[in-house]
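Participant: Here you go, this is work_13.txt (compact mmCIF, C-alpha atoms).
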# COMPACT_ATOMS: atom_id res chain seq x y z
CA MET X 1 112.74 -138.55 -13.43
CA ALA X 2 112.86 -140.67 -10.31
CA GLU X 3 110.48 -139.78 -7.51
CA LEU X 4 113.31 -139.88 -4.98
CA ASN X 5 117.00 -139.22 -5.62
CA ILE X 6 119.51 -140.50 -3.09
CA SER X 7 123.18 -139.61 -3.22
CA GLU X 8 125.66 -141.08 -0.80
CA ARG X 9 128.79 -139.71 0.88
CA GLN X 10 131.04 -140.83 3.70
CA ALA X 11 132.29 -138.94 6.76
CA GLY X 12 134.66 -141.48 8.27
CA ASP X 13 132.56 -144.54 9.05
CA ILE X 14 129.32 -142.56 8.88
CA THR X 15 127.24 -142.66 5.69
CA ILE X 16 125.18 -139.63 4.81
CA LEU X 17 122.33 -140.08 2.36
CA ASP X 18 121.38 -136.78 0.74
CA MET X 19 117.79 -137.31 -0.32
CA SER X 20 115.68 -135.16 -2.62
CA GLY X 21 112.18 -135.59 -3.98
CA LYS X 22 109.32 -137.50 -2.43
CA VAL X 23 109.24 -140.51 -0.14
CA THR X 24 105.84 -141.90 -0.99
CA ILE X 25 104.11 -145.18 -1.67
CA GLY X 26 105.80 -147.14 -4.45
CA GLU X 27 109.01 -145.97 -6.04
CA GLY X 28 110.23 -143.51 -3.39
CA SER X 29 109.81 -145.91 -0.49
CA VAL X 30 111.39 -148.77 -2.45
CA ALA X 31 114.43 -146.65 -3.35
CA LEU X 32 115.12 -145.92 0.31
CA ARG X 33 114.61 -149.56 1.33
CA THR X 34 116.98 -150.80 -1.36
CA THR X 35 119.68 -148.31 -0.38
CA ILE X 36 119.49 -149.15 3.33
CA ARG X 37 119.66 -152.89 2.64
CA ARG X 38 122.71 -152.40 0.43
CA LEU X 39 124.50 -150.27 3.04
CA LEU X 40 123.83 -152.83 5.77
CA GLY X 41 125.12 -155.55 3.42
CA GLU X 42 128.32 -153.52 3.06
CA GLY X 43 128.64 -153.29 6.83
CA LYS X 44 127.75 -149.58 6.94
CA LYS X 45 125.67 -149.21 10.07
CA LYS X 46 125.97 -145.53 10.96
CA ILE X 47 123.55 -143.79 8.63
CA ILE X 48 122.22 -140.24 8.49
CA LEU X 49 119.24 -139.43 6.30
CA ASN X 50 119.61 -135.83 5.15
CA LEU X 51 116.03 -134.86 4.30
CA SER X 52 116.62 -131.22 3.37
CA GLY X 53 115.56 -131.89 -0.23
CA VAL X 54 112.56 -134.02 0.65
CA GLY X 55 109.44 -131.93 0.21
CA TYR X 56 106.85 -134.60 0.68
CA VAL X 57 106.39 -137.79 2.68
CA ASP X 58 103.23 -139.86 3.02
CA SER X 59 102.37 -142.54 5.59
CA SER X 60 104.17 -145.13 3.49
CA GLY X 61 107.30 -142.96 3.51
CA ILE X 62 107.07 -142.50 7.28
CA GLY X 63 106.70 -146.28 7.54
CA GLU X 64 109.84 -146.68 5.46
CA PHE X 65 111.78 -144.41 7.84
CA VAL X 66 110.61 -146.67 10.68
CA SER X 67 111.55 -149.85 8.78
CA SER X 68 114.97 -148.39 8.01
CA PHE X 69 115.43 -147.43 11.65
CA THR X 70 114.56 -150.91 12.92
CA ALA X 71 116.63 -152.66 10.21
CA VAL X 72 119.71 -150.63 11.16
CA ASN X 73 119.09 -151.13 14.89
CA LYS X 74 118.91 -154.90 14.35
CA GLU X 75 122.45 -154.77 12.98
CA ASN X 76 123.56 -152.83 16.06
CA GLY X 77 123.79 -149.67 14.04
CA SER X 78 122.13 -146.31 14.32
CA LEU X 79 120.04 -144.29 11.86
CA LYS X 80 119.47 -140.57 12.45
CA LEU X 81 117.51 -137.86 10.68
CA LEU X 82 118.90 -134.50 9.56
CA ASN X 83 117.33 -131.29 8.21
CA LEU X 84 113.63 -132.07 8.44
CA THR X 85 111.21 -129.64 6.82
CA GLN X 86 108.48 -128.29 9.06
CA LYS X 87 105.91 -130.51 7.35
CA ILE X 88 107.91 -133.68 7.98
CA GLN X 89 108.47 -132.62 11.59
CA ASP X 90 104.71 -132.19 11.90
CA LEU X 91 104.12 -135.71 10.54
CA LEU X 92 106.64 -137.17 12.99
CA ALA X 93 104.94 -135.27 15.81
CA ILE X 94 101.48 -136.54 14.81
CA THR X 95 102.76 -140.11 14.73
CA LYS X 96 104.72 -139.63 17.99
CA LEU X 97 107.87 -140.70 16.17
CA LEU X 98 109.84 -137.64 17.29
CA THR X 99 110.31 -139.62 20.49
CA VAL X 100 111.81 -142.51 18.50
CA PHE X 101 114.19 -140.84 16.05
CA ASP X 102 117.29 -138.81 16.81
CA VAL X 103 116.68 -135.62 14.84
CA PHE X 104 119.31 -132.95 14.07
CA GLU X 105 119.29 -129.55 12.43
CA SER X 106 123.01 -129.41 11.73
CA GLU X 107 125.21 -131.98 10.07
CA SER X 108 128.11 -131.38 12.45
CA GLU X 109 125.86 -132.11 15.44
CA ALA X 110 124.55 -135.25 13.76
CA LEU X 111 128.10 -136.46 13.07
CA SER X 112 129.26 -135.62 16.60
CA SER X 113 126.40 -137.62 18.07
CA TYR X 114 128.10 -140.83 16.90
CA LYS X 115 131.23 -140.17 19.01
CA MET Y 1 82.95 -120.52 -12.19
CA SER Y 2 84.14 -124.01 -13.01
CA GLU Y 3 82.11 -127.15 -12.35
CA LYS Y 4 81.24 -127.82 -8.72
CA LYS Y 5 82.02 -131.54 -8.74
CA THR Y 6 84.50 -133.85 -10.47
CA GLU Y 7 84.30 -137.64 -10.54
CA LEU Y 8 87.07 -140.09 -11.39
CA ASN Y 9 87.20 -143.85 -11.85
CA LEU Y 10 90.72 -145.21 -11.51
CA VAL Y 11 92.20 -148.69 -11.79
CA SER Y 12 93.46 -150.34 -8.59
CA ARG Y 13 97.16 -149.79 -9.01
CA LEU Y 14 99.60 -147.65 -7.05
CA GLU Y 15 100.02 -145.18 -9.95
CA SER Y 16 96.41 -144.16 -9.39
CA VAL Y 17 97.43 -142.53 -6.09
CA GLU Y 18 99.51 -139.93 -7.95
CA ALA Y 19 96.82 -139.51 -10.62
CA ALA Y 20 94.14 -138.83 -8.01
CA ALA Y 21 96.35 -136.34 -6.15
CA ALA Y 22 97.08 -134.49 -9.39
CA GLU Y 23 93.35 -134.17 -10.18
CA ALA Y 24 92.62 -133.00 -6.62
CA ALA Y 25 95.30 -130.32 -6.95
CA LYS Y 26 93.82 -129.08 -10.23
CA PHE Y 27 90.33 -128.98 -8.73
CA ALA Y 28 91.54 -127.08 -5.66
CA GLU Y 29 93.39 -124.61 -7.88
CA ARG Y 30 90.31 -123.98 -10.02
CA HIS Y 31 88.24 -123.30 -6.92
CA ASP Y 32 90.76 -121.01 -5.23
CA PHE Y 33 91.37 -123.08 -2.11
CA GLY Y 34 94.30 -121.90 0.06
CA ASP Y 35 97.65 -123.60 0.49
CA ASP Y 36 96.75 -125.21 3.82
CA VAL Y 37 93.64 -126.78 2.30
CA LYS Y 38 95.62 -127.91 -0.74
CA PHE Y 39 98.22 -129.61 1.44
CA ALA Y 40 95.54 -131.32 3.54
CA ILE Y 41 93.56 -132.60 0.59
CA ASP Y 42 96.71 -133.81 -1.16
CA MET Y 43 97.65 -135.83 1.91
CA ALA Y 44 94.10 -137.13 2.46
CA VAL Y 45 93.52 -138.09 -1.17
CA ARG Y 46 96.82 -139.97 -1.36
CA GLU Y 47 96.16 -141.87 1.85
CA ALA Y 48 92.53 -142.68 1.04
CA VAL Y 49 93.27 -143.84 -2.51
CA ALA Y 50 96.29 -145.86 -1.34
CA ASN Y 51 94.07 -147.56 1.25
CA ALA Y 52 91.37 -148.26 -1.36
CA VAL Y 53 93.88 -149.70 -3.84
CA LYS Y 54 95.93 -151.76 -1.38
CA HIS Y 55 93.62 -152.73 1.46
CA GLY Y 56 90.19 -152.36 -0.14
CA ASN Y 57 90.64 -153.71 -3.65
CA LEU Y 58 93.80 -155.68 -2.77
CA LEU Y 59 95.57 -154.38 -5.90
CA ASP Y 60 93.01 -156.21 -8.08
CA GLU Y 61 93.18 -154.24 -11.33
CA THR Y 62 89.74 -155.48 -12.37
CA LYS Y 63 88.33 -153.36 -9.54
CA GLN Y 64 87.93 -149.60 -9.71
CA VAL Y 65 88.39 -146.85 -7.20
CA GLU Y 66 85.64 -144.24 -7.48
CA ILE Y 67 86.64 -140.76 -6.39
CA SER Y 68 84.81 -137.45 -6.25
CA PHE Y 69 85.88 -133.92 -5.41
CA GLU Y 70 83.24 -131.32 -4.64
CA ASN Y 71 83.34 -127.66 -3.76
CA ARG Y 72 80.61 -127.51 -1.15
CA GLY Y 73 80.99 -123.88 -0.27
CA GLU Y 74 81.92 -124.64 3.32
CA GLY Y 75 84.92 -126.56 2.06
CA PHE Y 76 86.44 -129.25 -0.11
CA GLU Y 77 84.69 -132.63 0.03
CA ILE Y 78 86.36 -135.84 -1.09
CA THR Y 79 84.81 -139.27 -1.42
CA VAL Y 80 86.78 -142.41 -2.18
CA ARG Y 81 85.04 -145.74 -2.70
CA ASP Y 82 86.58 -149.17 -3.10
CA PHE Y 83 84.97 -152.52 -3.96
CA GLY Y 84 86.56 -154.61 -1.23
CA ALA Y 85 85.22 -156.57 1.71
CA GLY Y 86 85.19 -153.57 4.04
CA PHE Y 87 86.66 -153.09 7.49
CA SER Y 88 85.77 -151.69 10.86
CA VAL Y 89 87.70 -148.49 11.44
CA GLU Y 90 87.37 -148.95 15.21
CA GLU Y 91 89.41 -152.13 14.93
CA VAL Y 92 92.37 -150.47 13.23
CA PRO Y 93 95.19 -150.32 15.81
CA ASP Y 94 96.22 -146.87 17.04
CA PRO Y 95 99.68 -146.32 15.48
CA THR Y 96 100.62 -143.91 18.28
CA ASN Y 97 100.32 -146.57 20.98
CA PRO Y 98 103.82 -147.42 22.21
CA GLU Y 99 103.52 -151.04 21.09
CA ASN Y 100 102.70 -149.92 17.53
CA LEU Y 101 105.22 -147.11 17.12
CA LEU Y 102 107.76 -149.25 15.28
CA LYS Y 103 105.30 -150.86 12.91
CA ALA Y 104 105.88 -150.03 9.26
CA ASN Y 105 102.19 -149.63 8.37
CA GLY Y 106 98.94 -148.30 9.75
CA ARG Y 107 99.37 -144.51 9.79
CA GLY Y 108 97.22 -143.55 6.79
CA ILE Y 109 93.95 -143.22 8.71
CA LEU Y 110 95.71 -141.14 11.38
CA PHE Y 111 96.92 -138.73 8.68
CA MET Y 112 93.47 -138.48 7.10
CA ARG Y 113 91.93 -137.66 10.48
CA SER Y 114 94.71 -135.25 11.39
CA PHE Y 115 94.51 -133.14 8.25
CA MET Y 116 90.79 -133.18 7.46
CA ASP Y 117 87.94 -131.69 9.52
CA GLU Y 118 85.53 -134.56 8.95
CA VAL Y 119 86.29 -138.19 8.04
CA VAL Y 120 83.46 -140.74 7.91
CA TRP Y 121 83.54 -144.32 6.64
CA SER Y 122 80.45 -146.17 5.51
CA ASN Y 123 79.44 -149.32 3.71
CA HIS Y 124 78.31 -148.39 0.23
CA ALA Y 125 74.87 -149.69 -0.77
CA GLY Y 126 76.35 -151.07 -3.98
CA GLY Y 127 79.19 -152.84 -2.20
CA GLY Y 128 82.58 -151.82 -0.89
CA MET Y 129 83.53 -149.06 1.52
CA MET Y 130 83.36 -145.33 1.05
CA VAL Y 131 85.18 -142.66 2.99
CA ARG Y 132 83.87 -139.11 2.91
CA MET Y 133 86.17 -136.32 4.02
CA LEU Y 134 85.68 -132.58 4.34
CA LYS Y 135 88.29 -129.86 4.67
CA LYS Y 136 86.79 -126.53 5.62
CA ARG Y 137 87.98 -123.36 3.91
Give the structure from the file, written as structure tokens.
Facilitator:
Amino acid sequence: MAELNISERQAGDITILDMSGKVTIGEGSVALRTTIRRLLGEGKKKIILNLSGVGYVDSSGIGEFVSSFTAVNKENGSLKLLNLTQKIQDLLAITKLLTVFDVFESESEALSSYK
Amino acid sequence: MSEKKTELNLVSRLESVEAAAAEAAKFAERHDFGDDVKFAIDMAVREAVANAVKHGNLLDETKQVEISFENRGEGFEITVRDFGAGFSVEEVPDPTNPENLLKANGRGILFMRSFMDEVVWSNHAGGGMMVRMLKKR
């Protein structure tokens, strides 16, 4: 079984990636990178990472969130985070990345933030 | 009571990160460490072994990563040794500085220090670097 499963859905021009598993060094980080590159190639620049099913992230996974964020920004898009577990929130606080990412607890709020 | 110390020698490849974390979890379970300690050691072992494999041994599969887990009574001690050229931990950029926030790498040491009570790097007499970490019960 894959370390990280990513399923994709659209809400208008916004792409929501429902992620489950682990975003860690190796396979998990690569899966996210590949998906983000493909979406940007398809012109999809409004992306929400729904992390409700992600139980574990290491420093490589946090780095991949940052890389995704900067890659999307470079294309004049916007990447936001949804449904963080307490542990992932703690990691973002330790790394001071809560000041960088837009973080939401409800999908409707995340979607509205693009209007 | 199960054995007080476990030692592992793993090949320098990324899969060894998961293998080391799995062994750490088993050791912690056998020695009745709590969930907070288990989470901390899982994070620290993954980051330390990833550093040893990638930055220490430069993914050279002819080099080993030597790991030990020990129940020291006061807590869970981890050592991870690589066979690389070594580095000065003081020279590693602070990933929380504003100019480094958007860098993709460089947060592993911050996580190790954040989750463990003691983290000390040293040059090993036989070559390479060793990090010793302790998580108190």
Participant: Please report, as AutoDock Vina command-line options, the centre and edge lengths in Å to one decimal of an axis-aligned box covering all listed atoms of stretch 107-125 of chain Y with 5 Å per side.
Facilitator:
--center_x 87.1 --center_y -140.7 --center_z 5.3 --size_x 34.5 --size_y 28.0 --size_z 22.2
Participant: Near chain X, which residues of chain Y fall within 10 Å when you count all atoms listed in the file, and what do they look like as a ChimeraX atom specification?
Facilitator: /Y:14-15,17-18,39,42-44,46-47,50,94-98,101-112,114
Participant: I need every residue sitting at most 12 Å from the point (129.0, -147.0, 2.0) (coordinates as in the file, all atoms listed in the file considered), written as a PyMOL selection string.
Facilitator: chain X and resi 7-17+35-48
Participant: One number please: atom CA of Y:Gly127 to atom CA of Y:Phe27, in Å, one decimal.
Facilitator: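 Distance between the two atoms: 27.1 Å.
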Participant: Please identify all polymer residues within 8 Å of Y:Val11, counting all atoms listed in the file, omitting same-chain residues fewer than 5 positions from it, and present them as JSON, numbers by chain.
Facilitator: {"Y": [16, 61, 62, 63, 64, 65]}
Participant: Go through Y:Glu77, Y:Asp82, Y:Glu7, Y:Glu70 and flag the residue nearest Y:Ala125, using only C-alpha atoms for the distances.
Facilitator: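 Ranking Y:Glu77, Y:Asp82, Y:Glu7, Y:Glu70 by distance to Y:Ala125, first place goes to Y:Asp82.
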Participant: Suppose you want the space between atom CA of Y:Asn51 and atom CA of Y:Gly73; what is it in Å?
Facilitator: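 That distance, rounded to one decimal, is 27.1 Å.
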Participant: Residues near Y:Val131, anyone? I mean within 8 Å using only C-alpha atoms, not counting same-chain ones fewer than 3 positions away, as a list in words.
Facilitator: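 The residues satisfying every condition are Ala48, Thr79, Val80, Arg81, Val119, Val120, Trp121 and Ser122 of chain Y.
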Participant: Neighbourhood query: residues within 8 Å of (90.8, -139.0, -9.5), file coordinates, counting all atoms listed in the file; return as a VMD selection string.
Facilitator: chain Y and resid 7 to 10 16 19 to 24 66 to 68
Participant: Report, in Å to a single decimal, how far apart atom CA of X:Leu49 and atom CA of X:Leu81 are.
Facilitator: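 According to the coordinates, atom CA of X:Leu81 and atom CA of X:Leu49 are separated by 5.0 Å.
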Participant: Considering only C-alpha atoms, can you say which of Y:Asp32, Y:Ser12, Y:Asn100, Y:Lys136 comes closest to Y:Phe83?
Facilitator: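 Closest to Y:Phe83 of all the choices is Y:Ser12.
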Participant: Taking all atoms listed in the file into account, name the residue in Y:Val92, Y:Ala85, Y:Met129, Y:Leu134 that is nearest to Y:Phe115.
Facilitator: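 Selected residue with least distance to Y:Phe115: Y:Leu134.
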Participant: Let me make sure I understand: among X:Leu84, X:Ala110, X:Ile6, X:Val54, which one has the smallest atom-to-atom distance to X:Gly21 if we use all atoms listed in the file?
Facilitator: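 Smallest distance to X:Gly21 is found for X:Val54.
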